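The next block is entry38.tsv, given as TSV, C-alpha atoms and all ligand atoms.
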```
chain	number	residue	atom	x	y	z
A	1	MET	CA	114.37	72.88	94.18
A	2	THR	CA	113.52	71.30	90.81
A	3	VAL	CA	109.89	71.11	89.70
A	4	ASP	CA	109.69	67.32	90.07
A	5	LYS	CA	110.92	67.52	93.69
A	6	ALA	CA	108.17	70.00	94.55
A	7	ILE	CA	105.51	67.79	92.95
A	8	ILE	CA	106.77	64.73	94.80
A	9	GLU	CA	107.00	66.47	98.17
A	10	GLN	CA	103.38	67.58	97.87
A	11	ALA	CA	102.31	64.10	96.80
A	12	GLN	CA	104.21	62.37	99.61
A	13	GLU	CA	102.02	63.71	102.40
A	14	LYS	CA	98.83	62.86	100.53
A	15	ALA	CA	100.18	59.42	99.62
A	16	SER	CA	100.94	58.57	103.28
A	17	GLU	CA	97.42	59.61	104.30
A	18	LEU	CA	95.97	57.54	101.49
A	19	ARG	CA	97.97	54.45	102.36
A	20	ALA	CA	96.67	54.67	105.93
A	21	SER	CA	93.05	55.14	104.81
A	22	ALA	CA	90.22	52.61	104.99
A	23	GLU	CA	89.70	53.02	101.23
A	24	TYR	CA	93.24	51.94	100.48
A	25	ARG	CA	93.00	48.96	102.83
A	26	GLU	CA	89.79	47.87	101.10
A	27	ASN	CA	91.54	48.20	97.75
A	28	ILE	CA	94.38	45.95	98.91
A	29	ASP	CA	91.85	43.50	100.41
A	30	PHE	CA	90.15	43.38	97.03
A	31	TRP	CA	93.37	42.15	95.39
A	32	HIS	CA	93.99	39.55	98.09
A	33	GLN	CA	90.45	38.22	97.75
A	34	ALA	CA	90.54	38.23	93.95
A	35	TRP	CA	93.77	36.21	93.90
A	36	ASN	CA	92.69	33.89	96.72
A	37	MET	CA	89.96	32.64	94.41
A	38	CYS	CA	92.52	31.42	91.84
A	39	THR	CA	93.79	27.90	92.23
A	40	LYS	CA	96.19	27.90	89.27
A	41	PRO	CA	98.43	30.49	87.62
A	42	TYR	CA	97.14	31.86	84.29
A	43	THR	CA	99.73	30.19	82.10
A	44	ARG	CA	98.50	31.52	78.76
A	45	MET	CA	100.29	34.60	77.45
A	46	PRO	CA	97.85	37.41	76.69
A	47	ASP	CA	97.34	38.45	73.09
A	48	LEU	CA	98.68	42.01	73.29
A	49	GLU	CA	100.08	43.86	70.27
A	50	TYR	CA	102.78	45.44	72.43
A	51	LEU	CA	103.94	42.22	74.10
A	52	PRO	CA	106.96	41.66	71.78
A	53	TRP	CA	107.85	45.34	72.13
A	54	ILE	CA	108.66	44.86	75.82
A	55	PRO	CA	111.73	42.58	75.44
A	56	GLU	CA	112.71	44.56	72.33
A	57	ARG	CA	112.86	47.79	74.31
A	58	LEU	CA	114.64	46.07	77.21
A	59	HIS	CA	117.26	44.58	74.89
A	60	ALA	CA	117.70	47.96	73.19
A	61	ALA	CA	118.43	49.43	76.63
A	62	ALA	CA	120.89	46.59	77.36
A	63	ALA	CA	118.87	45.75	80.49
A	64	SER	CA	119.52	42.56	82.42
A	65	ARG	CA	117.91	42.87	85.90
A	66	VAL	CA	114.20	43.58	85.48
A	67	LEU	CA	111.54	44.34	88.10
A	68	ASP	CA	107.95	43.36	87.16
A	69	LEU	CA	105.60	45.64	89.11
A	70	GLY	CA	102.26	44.15	90.18
A	71	CYS	CA	103.31	40.86	88.61
A	72	GLY	CA	100.22	38.89	89.69
A	73	SER	CA	100.77	35.19	89.01
A	74	GLY	CA	103.68	36.13	86.83
A	75	TRP	CA	102.94	35.86	83.12
A	76	LEU	CA	105.17	38.81	82.23
A	77	SER	CA	107.89	37.66	84.63
A	78	VAL	CA	107.84	34.24	82.98
A	79	TYR	CA	107.77	35.74	79.48
A	80	LEU	CA	110.83	37.87	80.22
A	81	SER	CA	112.65	35.12	82.11
A	82	ARG	CA	112.23	32.86	79.07
A	83	GLU	CA	113.90	35.65	77.07
A	84	GLY	CA	116.91	35.51	79.39
A	85	PHE	CA	116.27	38.50	81.66
A	86	LYS	CA	116.94	38.17	85.39
A	87	VAL	CA	113.46	38.90	86.70
A	88	THR	CA	112.05	39.90	90.07
A	89	GLY	CA	108.28	40.15	90.36
A	90	ILE	CA	106.58	42.10	93.13
A	91	ASP	CA	102.93	42.04	94.08
A	92	VAL	CA	100.89	42.81	97.15
A	93	ALA	CA	98.99	39.50	96.90
A	94	GLY	CA	100.96	36.66	98.44
A	95	HIS	CA	98.76	33.99	96.88
A	96	ALA	CA	99.42	35.37	93.37
A	97	LEU	CA	103.13	35.07	94.09
A	98	GLU	CA	102.73	31.45	95.23
A	99	LEU	CA	101.05	30.69	91.90
A	100	GLY	CA	103.88	32.46	90.08
A	101	LYS	CA	106.44	30.37	91.97
A	102	GLN	CA	104.62	27.18	90.95
A	103	TRP	CA	104.70	28.25	87.31
A	104	ALA	CA	108.38	29.20	87.41
A	105	ALA	CA	109.17	25.85	89.04
A	106	MET	CA	107.25	24.00	86.28
A	107	GLU	CA	109.51	25.65	83.68
A	108	ASP	CA	112.64	25.57	85.82
A	109	LEU	CA	112.94	29.36	85.61
A	110	GLN	CA	114.81	31.34	88.27
A	111	ILE	CA	112.44	34.17	89.12
A	112	GLN	CA	112.44	36.01	92.43
A	113	PHE	CA	108.88	36.72	93.63
A	114	ASP	CA	108.57	39.27	96.44
A	115	ALA	CA	105.57	40.46	98.44
A	116	GLY	CA	105.32	44.23	98.72
A	117	ASP	CA	103.35	47.37	98.04
A	118	LEU	CA	104.23	49.60	95.12
A	119	GLY	CA	103.82	52.59	97.40
A	120	ASP	CA	106.81	51.40	99.41
A	121	LEU	CA	109.22	49.40	97.26
A	122	PRO	CA	111.63	47.37	99.42
A	123	TYR	CA	114.73	47.52	97.20
A	124	PRO	CA	118.06	49.29	97.66
A	125	ASP	CA	119.14	51.98	95.22
A	126	GLY	CA	120.30	50.80	91.82
A	127	SER	CA	118.91	47.25	92.18
A	128	PHE	CA	117.51	47.00	88.63
A	129	ASP	CA	118.31	48.01	85.07
A	130	ALA	CA	114.65	48.19	84.09
A	131	VAL	CA	111.14	48.13	85.44
A	132	VAL	CA	108.12	46.78	83.59
A	133	ALA	CA	104.60	47.72	84.64
A	134	ASN	CA	101.60	46.27	82.86
A	135	SER	CA	98.10	47.35	83.93
A	136	ILE	CA	99.19	48.33	87.40
A	137	ILE	CA	100.01	52.00	87.92
A	138	GLU	CA	96.45	52.93	86.92
A	139	HIS	CA	95.38	51.09	90.08
A	140	LEU	CA	97.08	53.76	92.19
A	141	PRO	CA	95.63	57.17	93.04
A	142	LEU	CA	97.58	60.07	91.53
A	143	SER	CA	99.65	60.98	94.61
A	144	LEU	CA	100.64	57.37	95.21
A	145	ALA	CA	101.53	56.90	91.56
A	146	LEU	CA	103.71	60.02	91.66
A	147	VAL	CA	105.53	58.78	94.74
A	148	ALA	CA	105.86	55.23	93.39
A	149	VAL	CA	107.30	56.36	90.04
A	150	ALA	CA	109.70	58.73	91.80
A	151	LYS	CA	110.89	55.80	93.93
A	152	LEU	CA	111.38	53.72	90.77
A	153	LYS	CA	114.04	56.20	89.78
A	154	THR	CA	116.05	55.26	92.86
A	155	VAL	CA	115.70	51.47	92.56
A	156	LEU	CA	116.89	51.75	88.97
A	157	ALA	CA	120.56	52.00	88.13
A	158	LEU	CA	121.66	55.18	86.39
A	159	GLY	CA	120.22	55.25	82.87
A	160	GLY	CA	117.59	52.68	83.87
A	161	THR	CA	114.48	52.07	81.81
A	162	PHE	CA	110.73	51.97	82.41
A	163	VAL	CA	108.52	50.03	80.00
A	164	GLY	CA	104.84	49.95	80.79
A	165	CYS	CA	101.30	49.98	79.58
A	166	PHE	CA	98.51	52.06	81.08
A	167	ASP	CA	95.22	50.40	80.24
A	168	LYS	CA	92.43	52.41	78.76
A	169	VAL	CA	90.18	53.21	81.67
A	170	GLY	CA	86.80	54.19	80.36
A	171	THR	CA	83.50	55.08	81.86
A	172	GLY	CA	82.11	51.64	81.05
A	173	PRO	CA	79.61	49.76	83.15
A	174	GLY	CA	80.34	49.49	86.84
A	175	GLN	CA	79.41	51.19	90.04
A	176	TYR	CA	81.92	53.41	91.72
A	177	TYR	CA	82.45	56.71	93.45
A	178	LYS	CA	85.40	58.97	92.82
A	179	LEU	CA	88.14	60.46	94.96
A	180	ASP	CA	89.05	64.13	94.36
A	181	ASP	CA	91.77	63.10	91.91
A	182	GLY	CA	89.32	61.08	89.80
A	183	THR	CA	90.30	57.66	91.15
A	184	GLN	CA	87.31	55.35	90.82
A	185	ILE	CA	86.56	53.19	93.84
A	186	TYR	CA	84.32	50.35	92.79
A	187	THR	CA	81.30	49.43	94.87
A	188	ASP	CA	79.85	46.61	92.75
A	189	LYS	CA	80.15	43.14	94.20
A	190	SER	CA	82.76	41.75	91.82
A	191	ARG	CA	85.25	44.61	92.24
A	192	LYS	CA	84.34	46.02	95.65
A	193	GLY	CA	87.09	48.32	96.87
A	194	MET	CA	89.23	48.20	93.71
A	195	MET	CA	90.85	51.51	92.77
A	196	LEU	CA	91.31	52.51	89.15
A	197	ARG	CA	91.99	55.85	87.53
A	198	TYR	CA	92.55	57.29	84.09
A	199	PHE	CA	95.86	59.10	83.64
A	200	SER	CA	95.69	61.81	80.99
A	201	ASP	CA	98.73	62.23	78.74
A	202	ASN	CA	99.68	65.32	80.77
A	203	GLU	CA	99.48	63.36	84.01
A	204	LEU	CA	101.65	60.65	82.48
A	205	LYS	CA	104.17	63.35	81.62
A	206	ASP	CA	103.99	64.57	85.25
A	207	LEU	CA	104.61	61.02	86.48
A	208	PHE	CA	107.75	60.87	84.36
A	209	ASN	CA	108.85	64.44	85.01
A	210	GLY	CA	112.63	64.37	85.24
A	211	TRP	CA	112.85	61.21	83.11
A	212	THR	CA	113.47	61.11	79.38
A	213	ILE	CA	110.28	59.85	77.75
A	214	GLU	CA	111.27	57.91	74.65
A	215	GLU	CA	107.77	56.72	73.71
A	216	LEU	CA	104.27	57.67	74.76
A	217	LYS	CA	102.14	55.84	72.25
A	218	THR	CA	98.35	55.55	72.20
A	219	LEU	CA	97.41	52.09	70.97
A	220	ASP	CA	94.29	51.26	68.92
A	221	SER	CA	92.70	50.06	72.16
A	222	GLY	CA	93.20	53.52	73.69
A	223	SER	CA	95.78	52.16	76.16
A	224	ARG	CA	99.10	54.01	76.38
A	225	PHE	CA	102.49	52.34	75.95
A	226	VAL	CA	105.33	54.18	77.68
A	227	VAL	CA	109.09	53.85	77.53
A	228	ALA	CA	111.16	56.22	79.67
A	229	HIS	CA	114.72	56.42	80.95
A	230	THR	CA	116.10	57.86	84.18
B	301	LIG	C1	95.30	44.38	86.84
B	301	LIG	S1	96.41	43.31	87.70
B	301	LIG	C2	97.76	43.24	86.55
B	301	LIG	C3	98.61	42.04	86.80
B	301	LIG	C4	99.72	41.85	85.76
B	301	LIG	N1	100.69	42.94	85.78
B	301	LIG	C5	99.12	41.70	84.40
B	301	LIG	O1	99.47	42.45	83.50
B	301	LIG	O2	98.27	40.80	84.24
B	301	LIG	C6	97.06	44.34	88.97
B	301	LIG	C7	98.04	43.61	89.87
B	301	LIG	O3	98.64	44.51	90.76
B	301	LIG	C8	98.61	44.04	92.08
B	301	LIG	N2	98.51	45.24	92.91
B	301	LIG	C9	97.49	46.10	93.02
B	301	LIG	N3	97.79	47.12	93.83
B	301	LIG	C10	99.07	46.90	94.24
B	301	LIG	C11	99.96	47.60	95.10
B	301	LIG	N4	99.60	48.75	95.69
B	301	LIG	N5	101.19	47.10	95.31
B	301	LIG	C12	101.59	45.93	94.71
B	301	LIG	N6	100.78	45.22	93.88
B	301	LIG	C13	99.53	45.70	93.65
B	301	LIG	C14	97.39	43.13	92.14
B	301	LIG	O4	97.47	42.16	93.16
B	301	LIG	C15	97.39	42.54	90.74
B	301	LIG	O5	98.15	41.37	90.68
```
Target encoding structure tokens, full file:
Amino acid sequence: MTVDKAIIEQAQEKASELRASAEYRENIDFWHQAWNMCTKPYTRMPDLEYLPWIPERLHAAAASRVLDLGCGSGWLSVYLSREGFKVTGIDVAGHALELGKQWAAMEDLQIQFDAGDLGDLPYPDGSFDAVVANSIIEHLPLSLALVAVAKLKTVLALGGTFVGCFDKVGTGPGQYYKLDDGTQIYTDKSRKGMMLRYFSDNELKDLFNGWTIEELKTLDSGSRFVVAHT
């Protein structure tokens, strides 16, 4: 048994327990409620230094079919669709996806928006050439993140590519308690139930154990930009 298989098998049991837990349900409820308050998609592209790097890396990998994980109302899906990629966005919040569909329709872009949980991706093997993940995997506890990233390997075609950014997660203001793995569960009113955790560089390497990590770059903001291949 290879090392990554052993890590994933251990994580799988924990991940199933977590997904069935009240904490996880509250976390998912948080995202539904947060998106239900939005009446329009955020149609302004964020000012991120790494934004142009994403299509660059995807083009370098000759990717065409791209999955946008935790796409929200779809800014990255739209950005990549404008660049000519065939994009599918997935998010747990149905209302966010409705907003994304409205935006895509306004620009006449063909983007597939699917409802689903990252812990249980509903795609057959080899469905995509690349996966993009901006500010999303850090919202999963460690075991779920390990299982989700392992599953990414299967939904990607051979030689598929991951391009993502893990936000800096600091100890800034906010009220939360922590799970054993360091996942913060917020208790303050505005983020009640939201899960967020800091992944150390070593944990990021564990997540991508068995992949080839091409880049693991710490940005000025402290966030980490990752490019990896299956
Ligand atoms: C911090 S937002 C990032 C959204 C977008 N990727 C961006 O960069 O603006 C996290 C997104 O992930 C979604 N999300 C959170 N947990 C999820 C899960 N377990 N499965 C699928 N989507 C999830 C939320 O609904 C939200 O849209």
Who sits within 9 Å of A:Ala11, only C-alpha atoms, same chain under 3 positions skipped, as a list in words: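 The filter keeps Ala6, Ile7, Ile8, Lys14, Ala15, Ser16, Leu142, Ser143, Leu144, Ala145, Leu146 and Val147 of chain A.
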Minimum-distance residue to ligand LIG 301 (chain B), chosen among A:Pro55, A:Gly174, A:Gly72, A:Pro46 (using all atoms listed in the file): A:Gly72
Distance filter 7 Å around ligand LIG 301 (chain B), atoms: all atoms listed in the file, out as a list in words: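 Sorted by chain and then by number, the residues are Ile28, Trp31, His32, Leu69, Gly70, Cys71, Gly72, Ser73, Trp75, Leu76, Ile90, Asp91, Val92, Ala93, Ala96, Gly116, Asp117, Leu118, Gly119, Ala133, Asn134, Ser135, Ile136, His139 and Leu140 of chain A.
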Distance query A:Ser223 at most 7 Å, all atoms listed in the file, self and fewer than 6 positions along chain excluded, as a PDB file with C-alpha atoms, keeping the file's coordinate frame:
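Final output, saved to selection-v7.pdb:
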```pdb
ATOM      1  CA  CYS A 165     101.300  49.980  79.580  1.00  0.00           C
ATOM      2  CA  PHE A 166      98.510  52.060  81.080  1.00  0.00           C
ATOM      3  CA  ASP A 167      95.220  50.400  80.240  1.00  0.00           C
ATOM      4  CA  LYS A 168      92.430  52.410  78.760  1.00  0.00           C
TER       5      LYS A 168
END
```
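In this model, the gap between atom CA of A:Ser81 and atom CA of A:Gln110 comes to 7.5 Å.
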To box stretch 79-90 of chain A, take all atoms listed in the file, fit an axis-aligned box, add 3 Å on each side, and give centre and edge lengths in Å to one decimal, as lines of an AutoDock Vina configuration file.
```
center_x = 111.8
center_y = 37.5
center_z = 85.1
size_x = 16.4
size_y = 15.2
size_z = 22.1
```
Residue neighbourhood A:Thr161, 7 Å, all atoms listed in the file, exclusion window fewer than 5 positions, as a PyMOL selection string: chain A and resi 129-131+228-230
Distance query A:Ile54 at most 9 Å, all atoms listed in the file, self and fewer than 4 positions along chain excluded, as a ChimeraX atom specification: /A:50,58-59,80,132,163-164
Requested write-out: C-alpha atoms of the selected residues, as an mmCIF file, in the frame of the given file:
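Once written, again-v2.cif looks like this:
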```cif
data_model
loop_
_atom_site.group_PDB
_atom_site.id
_atom_site.type_symbol
_atom_site.label_atom_id
_atom_site.label_comp_id
_atom_site.auth_asym_id
_atom_site.auth_seq_id
_atom_site.Cartn_x
_atom_site.Cartn_y
_atom_site.Cartn_z
ATOM 1 C CA TYR A 50 102.780 45.440 72.430
ATOM 2 C CA LEU A 58 114.640 46.070 77.210
ATOM 3 C CA HIS A 59 117.260 44.580 74.890
ATOM 4 C CA LEU A 80 110.830 37.870 80.220
ATOM 5 C CA VAL A 132 108.120 46.780 83.590
ATOM 6 C CA VAL A 163 108.520 50.030 80.000
ATOM 7 C CA GLY A 164 104.840 49.950 80.790
#
```
Interatomic distance, atom CA of A:Lys40 to atom CA of A:Gln112 (Å, one decimal): 18.4 Å
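In this comparison, which uses only C-alpha atoms, the residue of A:Thr88, A:Tyr79, A:Gly159, A:Asp125 approaching A:Leu51 most closely is A:Tyr79.
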